[in-house]
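Undergrad: The structure is given below, and queries will be raised subsequently.
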Amino acid sequence: MPDLETLQILWWALIGFMFIAFALTDGFDFGVGILLPFAAKTDTERRILINAIAPHWDGNQVWFVLAAGSVFAAWPPVYGTAFSLMYVPLMLILYALFLRPVGFDYRSKIEDSRWRTFWDWGIFVGSFVPAFLFGVAFGNLFLGMPFYFDEFERAFVSGTLLGMLHPFALLSGVLSLSLLVLHGATYASWRTEGIVKQRLSSYAFSASMIAMVSFIGGGVWLMGINGYSEGPGNTVLHGEGLWLNIYDNWHMLALPLTGLIGLVIASRNAGSSPPLAFLGSSVAIIGVMATAGVTLFPFLVPSSTAINDSITIYNGSSSQYTLTVMMWAAAVFMPMIVVYTLWCYRAMWGRITEKHIEQNSHSLY
């Protein structure tokens with residue numbers, strides 16, 4: 001049986017992998033949903049975009065459910081505290097997500113332009129709100145969250161939704177939004193043709209530029225933010241620039257450089273090679289998310305109210321036995337999920353054209 005510290009680090013890495021897998025798969029679903037009212041001008045064009053993601057959008061959400069469930073099992077205080085702190089934005093995300101399955105399933109049931117336009121915008125809202133608020137929520141982790149524990153280890157939280165809309169958090173939301181729009185545009189342009197593909201390529205280039213500026217700007221801004229670091233005797237240090245202490249090791253700069261290289265690849269190939277552009281957007285997401293996770297390490301939910309009550313991967317984890325049982329379950333089921341996901345994409349791959357929509361009008365979304 002691995003020791004507890006090894007298991008804690010392994011589960012931190014594994015849950016990080018799950019969130020990245022969620023961003024890589026369901027991320028382009030969100031991106032396509034956001035672009036739906038803008039990149040497609042006719043009903044047929046919008047059906048092309050919807051059906052480009054139709055076979056997979058619900059299955060892609062398995063990664064989010066798996067990651068959230070793993071956080072609950074591996075770090076129960078994180079699940080309870082973070083969800084209490086972010087209750088309003090998470091409920092907004094949940095309510096917005098309701099619009100996606102209903103929109104996909106019912107949009108084409110009635111041949112009425114007003115009905116279909118209403119659900120097109122419903123899909124947009126159901127994609128835009130999560131893409132933006134996920135970034136805002138993550139940005140708030142770098143600022144610290146207002147909570148503390150009493151002598152009975154009960155968590156007391158404060159703060160409001162408006163308090164979470166700090167300029168740095170909003171910039172994080174813009175970065176998240178632009179990355180997913182880029183990812184959706186590159187994926188959809190790979191699976192479409194003609195004028196729709198041209199519009200998507202244009203949106204991909206614009207989104208890559210916004211993401212690049214947001215990522216670089218966020219990194220510079222982070223230098224002036226009061227960060228957190230482990231201190232002696234299980235204490236926490238709090239001061240300007242401490243979030244960047246991990247970069248005392250120069251090799252760690254590979255992570256943000258990976259994100260920037262991915263954005264450059266995506267921008268340079270947006271109009272000429274959709275597969276390379278999609279590869280670039282995927283690399284960018286991996287680089288950006290890995291940079292954020294490693295910068296926060298080992299903190300999971302830093303406290304701005306009582307810094308020594310900040311939750312780390314060490315002081316908030318489940319027992320060694322629990323993490324071991326979870327690891328064996330992950331060793332069995334994670335490869336199965338990866339294999340069937342790859343098989344589904346391979347089996348249902350192909351370009352979505354106007355002819356395909358017209359020939360299968362009653363069986364497609």
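In the structure tokens, the first chain shown is A, the next is B, and so on; residue numbers restart at 1 for each chain, and ligands run from 1 in the order shown.
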For segment 139-244 of chain A against segment 74-82 of chain A, with a cut-off of 8 Å and counting only C-alpha atoms, what is the closest atom pair and its distance in Å to one decimal for every residue that makes the cut, ordered by chain and number, as JSON lines?
TA:
{"residue": "A:Phe147", "atom": "CA", "partner": "A:Thr81", "partner_atom": "CA", "distance": 7.9}
{"residue": "A:Ala155", "atom": "CA", "partner": "A:Thr81", "partner_atom": "CA", "distance": 6.7}
{"residue": "A:Val157", "atom": "CA", "partner": "A:Thr81", "partner_atom": "CA", "distance": 7.5}
Undergrad: As JSON, numbers by chain, list the residues of segment 75-317 of chain A assigned to alpha helix (DSSP H) by DSSP on the backbone atoms of this structure.
TA: {"A": [76, 77, 78, 79, 80, 81, 82, 83, 84, 85, 87, 88, 89, 90, 91, 92, 93, 94, 95, 96, 97, 98, 99, 100, 101, 102, 103, 104, 105, 106, 113, 114, 115, 116, 117, 118, 119, 120, 121, 122, 123, 124, 125, 126, 127, 128, 129, 130, 131, 132, 133, 134, 135, 136, 137, 138, 139, 140, 141, 142, 143, 161, 162, 163, 164, 167, 168, 169, 170, 171, 172, 173, 174, 175, 176, 177, 178, 179, 180, 181, 182, 183, 184, 185, 186, 187, 188, 189, 190, 191, 194, 195, 196, 197, 198, 199, 200, 201, 202, 203, 204, 205, 206, 207, 208, 209, 210, 211, 212, 213, 214, 215, 216, 217, 218, 219, 220, 221, 222, 254, 255, 256, 257, 258, 259, 260, 261, 262, 263, 264, 265, 266, 267, 268, 269, 274, 275, 276, 277, 278, 279, 280, 281, 282, 283, 284, 285, 286, 287, 288, 289, 290, 291, 292, 293, 294, 295, 296]}
Undergrad: Let's have the selection written as a short mmCIF file (atom, residue, chain, number, x, y, z; two decimals), in the first residue's frame, with C-alpha atoms.
TA:
data_model
loop_
_atom_site.label_atom_id
_atom_site.label_comp_id
_atom_site.auth_asym_id
_atom_site.auth_seq_id
_atom_site.Cartn_x
_atom_site.Cartn_y
_atom_site.Cartn_z
CA PRO A 76 -14.44 16.02 1.61
CA PRO A 77 -13.70 19.44 3.22
CA VAL A 78 -12.92 20.87 -0.22
CA TYR A 79 -16.21 19.65 -1.62
CA GLY A 80 -18.23 21.05 1.27
CA THR A 81 -16.37 24.32 1.70
CA ALA A 82 -15.85 25.22 -1.96
CA PHE A 83 -19.44 24.38 -2.92
CA SER A 84 -20.74 26.51 -0.04
CA LEU A 85 -18.49 29.42 -1.01
CA TYR A 87 -23.05 28.16 -4.21
CA VAL A 88 -24.58 30.94 -6.33
CA PRO A 89 -22.24 30.66 -9.34
CA LEU A 90 -22.43 26.86 -9.26
CA MET A 91 -26.24 26.98 -9.19
CA LEU A 92 -26.18 29.43 -12.10
CA ILE A 93 -23.95 26.97 -13.96
CA LEU A 94 -26.32 24.12 -13.15
CA TYR A 95 -29.43 26.00 -14.28
CA ALA A 96 -27.66 27.11 -17.46
CA LEU A 97 -26.64 23.53 -18.21
CA PHE A 98 -30.31 22.53 -18.15
CA LEU A 99 -30.79 24.47 -21.37
CA ARG A 100 -28.29 22.38 -23.33
CA PRO A 101 -29.96 18.93 -23.40
CA VAL A 102 -33.42 20.45 -23.75
CA GLY A 103 -32.21 22.70 -26.54
CA PHE A 104 -30.47 19.90 -28.42
CA ASP A 105 -33.41 17.51 -28.12
CA TYR A 106 -36.33 19.86 -28.78
CA SER A 113 -38.13 29.88 -36.89
CA ARG A 114 -39.04 31.56 -33.59
CA TRP A 115 -39.02 28.24 -31.74
CA ARG A 116 -35.66 27.25 -33.17
CA THR A 117 -34.10 30.68 -32.61
CA PHE A 118 -35.24 30.60 -28.97
CA TRP A 119 -33.45 27.28 -28.40
CA ASP A 120 -30.39 28.41 -30.32
CA TRP A 121 -29.99 31.20 -27.79
CA GLY A 122 -30.82 28.75 -25.00
CA ILE A 123 -27.90 26.57 -26.12
CA PHE A 124 -25.75 29.70 -26.25
CA VAL A 125 -26.62 30.64 -22.66
CA GLY A 126 -26.16 27.05 -21.50
CA SER A 127 -22.66 27.08 -22.99
CA PHE A 128 -21.55 30.65 -22.27
CA VAL A 129 -22.42 30.77 -18.57
CA PRO A 130 -20.48 27.63 -17.51
CA ALA A 131 -17.50 28.49 -19.73
CA PHE A 132 -17.21 31.93 -18.15
CA LEU A 133 -18.11 31.15 -14.54
CA PHE A 134 -15.78 28.14 -14.31
CA GLY A 135 -12.95 30.55 -15.05
CA VAL A 136 -14.24 33.14 -12.58
CA ALA A 137 -14.50 30.50 -9.85
CA PHE A 138 -10.98 29.24 -10.48
CA GLY A 139 -9.61 32.78 -10.55
CA ASN A 140 -11.03 33.35 -7.06
CA LEU A 141 -8.88 30.52 -5.71
CA PHE A 142 -5.78 32.64 -6.37
CA LEU A 143 -7.35 35.51 -4.43
CA LEU A 161 -21.47 36.70 -5.92
CA LEU A 162 -20.54 40.35 -6.46
CA GLY A 163 -17.53 39.84 -4.21
CA MET A 164 -16.36 37.07 -6.52
CA PRO A 167 -11.14 42.04 -11.95
CA PHE A 168 -8.57 39.23 -11.82
CA ALA A 169 -11.35 36.64 -11.55
CA LEU A 170 -13.15 38.26 -14.50
CA LEU A 171 -9.92 38.07 -16.52
CA SER A 172 -9.73 34.37 -15.62
CA GLY A 173 -13.29 34.02 -16.90
CA VAL A 174 -12.33 35.70 -20.19
CA LEU A 175 -9.36 33.32 -20.52
CA SER A 176 -11.59 30.28 -19.90
CA LEU A 177 -14.23 31.57 -22.32
CA SER A 178 -11.78 32.38 -25.12
CA LEU A 179 -9.98 29.03 -24.78
CA LEU A 180 -13.22 27.08 -25.11
CA VAL A 181 -14.45 29.21 -28.02
CA LEU A 182 -11.10 28.57 -29.73
CA HIS A 183 -11.39 24.84 -29.02
CA GLY A 184 -14.95 24.67 -30.31
CA ALA A 185 -14.14 26.66 -33.44
CA THR A 186 -11.14 24.49 -34.37
CA TYR A 187 -13.08 21.27 -33.75
CA ALA A 188 -16.15 22.36 -35.72
CA SER A 189 -14.07 23.71 -38.62
CA TRP A 190 -12.41 20.29 -38.82
CA ARG A 191 -15.82 18.65 -39.26
CA GLY A 194 -17.60 25.85 -47.03
CA ILE A 195 -18.68 29.18 -45.60
CA VAL A 196 -19.34 27.78 -42.13
CA LYS A 197 -15.76 26.52 -41.95
CA GLN A 198 -14.47 29.95 -43.04
CA ARG A 199 -16.43 31.76 -40.35
CA LEU A 200 -15.24 29.30 -37.71
CA SER A 201 -11.64 29.82 -38.77
CA SER A 202 -12.04 33.57 -38.30
CA TYR A 203 -13.53 33.12 -34.83
CA ALA A 204 -10.74 30.68 -33.94
CA PHE A 205 -8.05 33.23 -34.78
CA SER A 206 -9.77 36.00 -32.80
CA ALA A 207 -10.30 33.71 -29.78
CA SER A 208 -6.65 32.62 -29.83
CA MET A 209 -5.51 36.26 -29.70
CA ILE A 210 -7.84 37.04 -26.78
CA ALA A 211 -6.69 33.90 -24.95
CA MET A 212 -3.03 34.78 -25.47
CA VAL A 213 -3.46 38.33 -24.13
CA SER A 214 -5.53 37.05 -21.18
CA PHE A 215 -3.02 34.34 -20.29
CA ILE A 216 0.00 36.64 -20.43
CA GLY A 217 -1.88 39.41 -18.64
CA GLY A 218 -3.01 37.04 -15.91
CA GLY A 219 0.54 35.81 -15.37
CA VAL A 220 1.86 39.38 -15.02
CA TRP A 221 -1.04 40.30 -12.73
CA LEU A 222 -0.30 37.26 -10.55
CA ALA A 254 7.64 24.59 -19.55
CA LEU A 255 3.98 24.59 -18.49
CA PRO A 256 3.06 28.20 -19.38
CA LEU A 257 5.28 27.98 -22.45
CA THR A 258 3.32 24.91 -23.53
CA GLY A 259 0.11 26.92 -23.28
CA LEU A 260 1.54 29.78 -25.31
CA ILE A 261 2.98 27.44 -27.97
CA GLY A 262 -0.43 25.79 -28.30
CA LEU A 263 -2.08 29.18 -28.82
CA VAL A 264 0.49 30.11 -31.47
CA ILE A 265 -0.08 26.81 -33.31
CA ALA A 266 -3.85 27.31 -33.19
CA SER A 267 -3.70 30.90 -34.43
CA ARG A 268 -1.28 30.15 -37.28
CA ASN A 269 -3.30 27.18 -38.55
CA PRO A 274 -8.07 22.60 -38.81
CA PRO A 275 -6.45 19.39 -37.44
CA LEU A 276 -3.29 21.31 -36.49
CA ALA A 277 -5.37 24.17 -35.11
CA PHE A 278 -7.35 21.72 -32.98
CA LEU A 279 -4.10 20.16 -31.77
CA GLY A 280 -2.90 23.65 -30.86
CA SER A 281 -6.05 24.49 -28.91
CA SER A 282 -5.79 21.15 -27.07
CA VAL A 283 -2.15 21.82 -26.16
CA ALA A 284 -3.09 25.33 -25.04
CA ILE A 285 -5.80 24.03 -22.70
CA ILE A 286 -3.42 21.46 -21.22
CA GLY A 287 -0.70 24.07 -20.72
CA VAL A 288 -2.99 26.70 -19.18
CA MET A 289 -4.76 24.30 -16.81
CA ALA A 290 -1.53 22.57 -15.76
CA THR A 291 0.05 25.97 -15.10
CA ALA A 292 -2.86 26.99 -12.87
CA GLY A 293 -2.90 23.70 -10.97
CA VAL A 294 0.86 23.58 -10.35
CA THR A 295 0.93 27.24 -9.33
CA LEU A 296 -1.73 26.58 -6.68
#
Undergrad: Rounded to one decimal place, report the atom CA of Trp328 of chain A-atom CA of Phe64 of chain A distance in Å.
TA: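 About the pair atom CA of Trp328 of chain A and atom CA of Phe64 of chain A: they are 19.8 Å apart.
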Undergrad: Env of Ile48 of chain A: 12 Å cut, atoms = only C-alpha atoms, seq-sep filter 3 positions within chain, self excluded. Answer as a PyMOL selection string.
TA: chain A and resi 32-33+36+39-45+51-54+188-189+191-197+350-358+360-361+364-365
Undergrad: Quick one: residues within 9 Å of Gly16 of chain A, only C-alpha atoms counted, chain neighbours fewer than 2 positions away excluded, as a list in words?
TA: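 Answer for this query is Trp11, Trp12, Ala13, Leu14, Met18, Phe19, Ile20, Ala21, Ala67, Met289, Ala290 and Gly293 of chain A.
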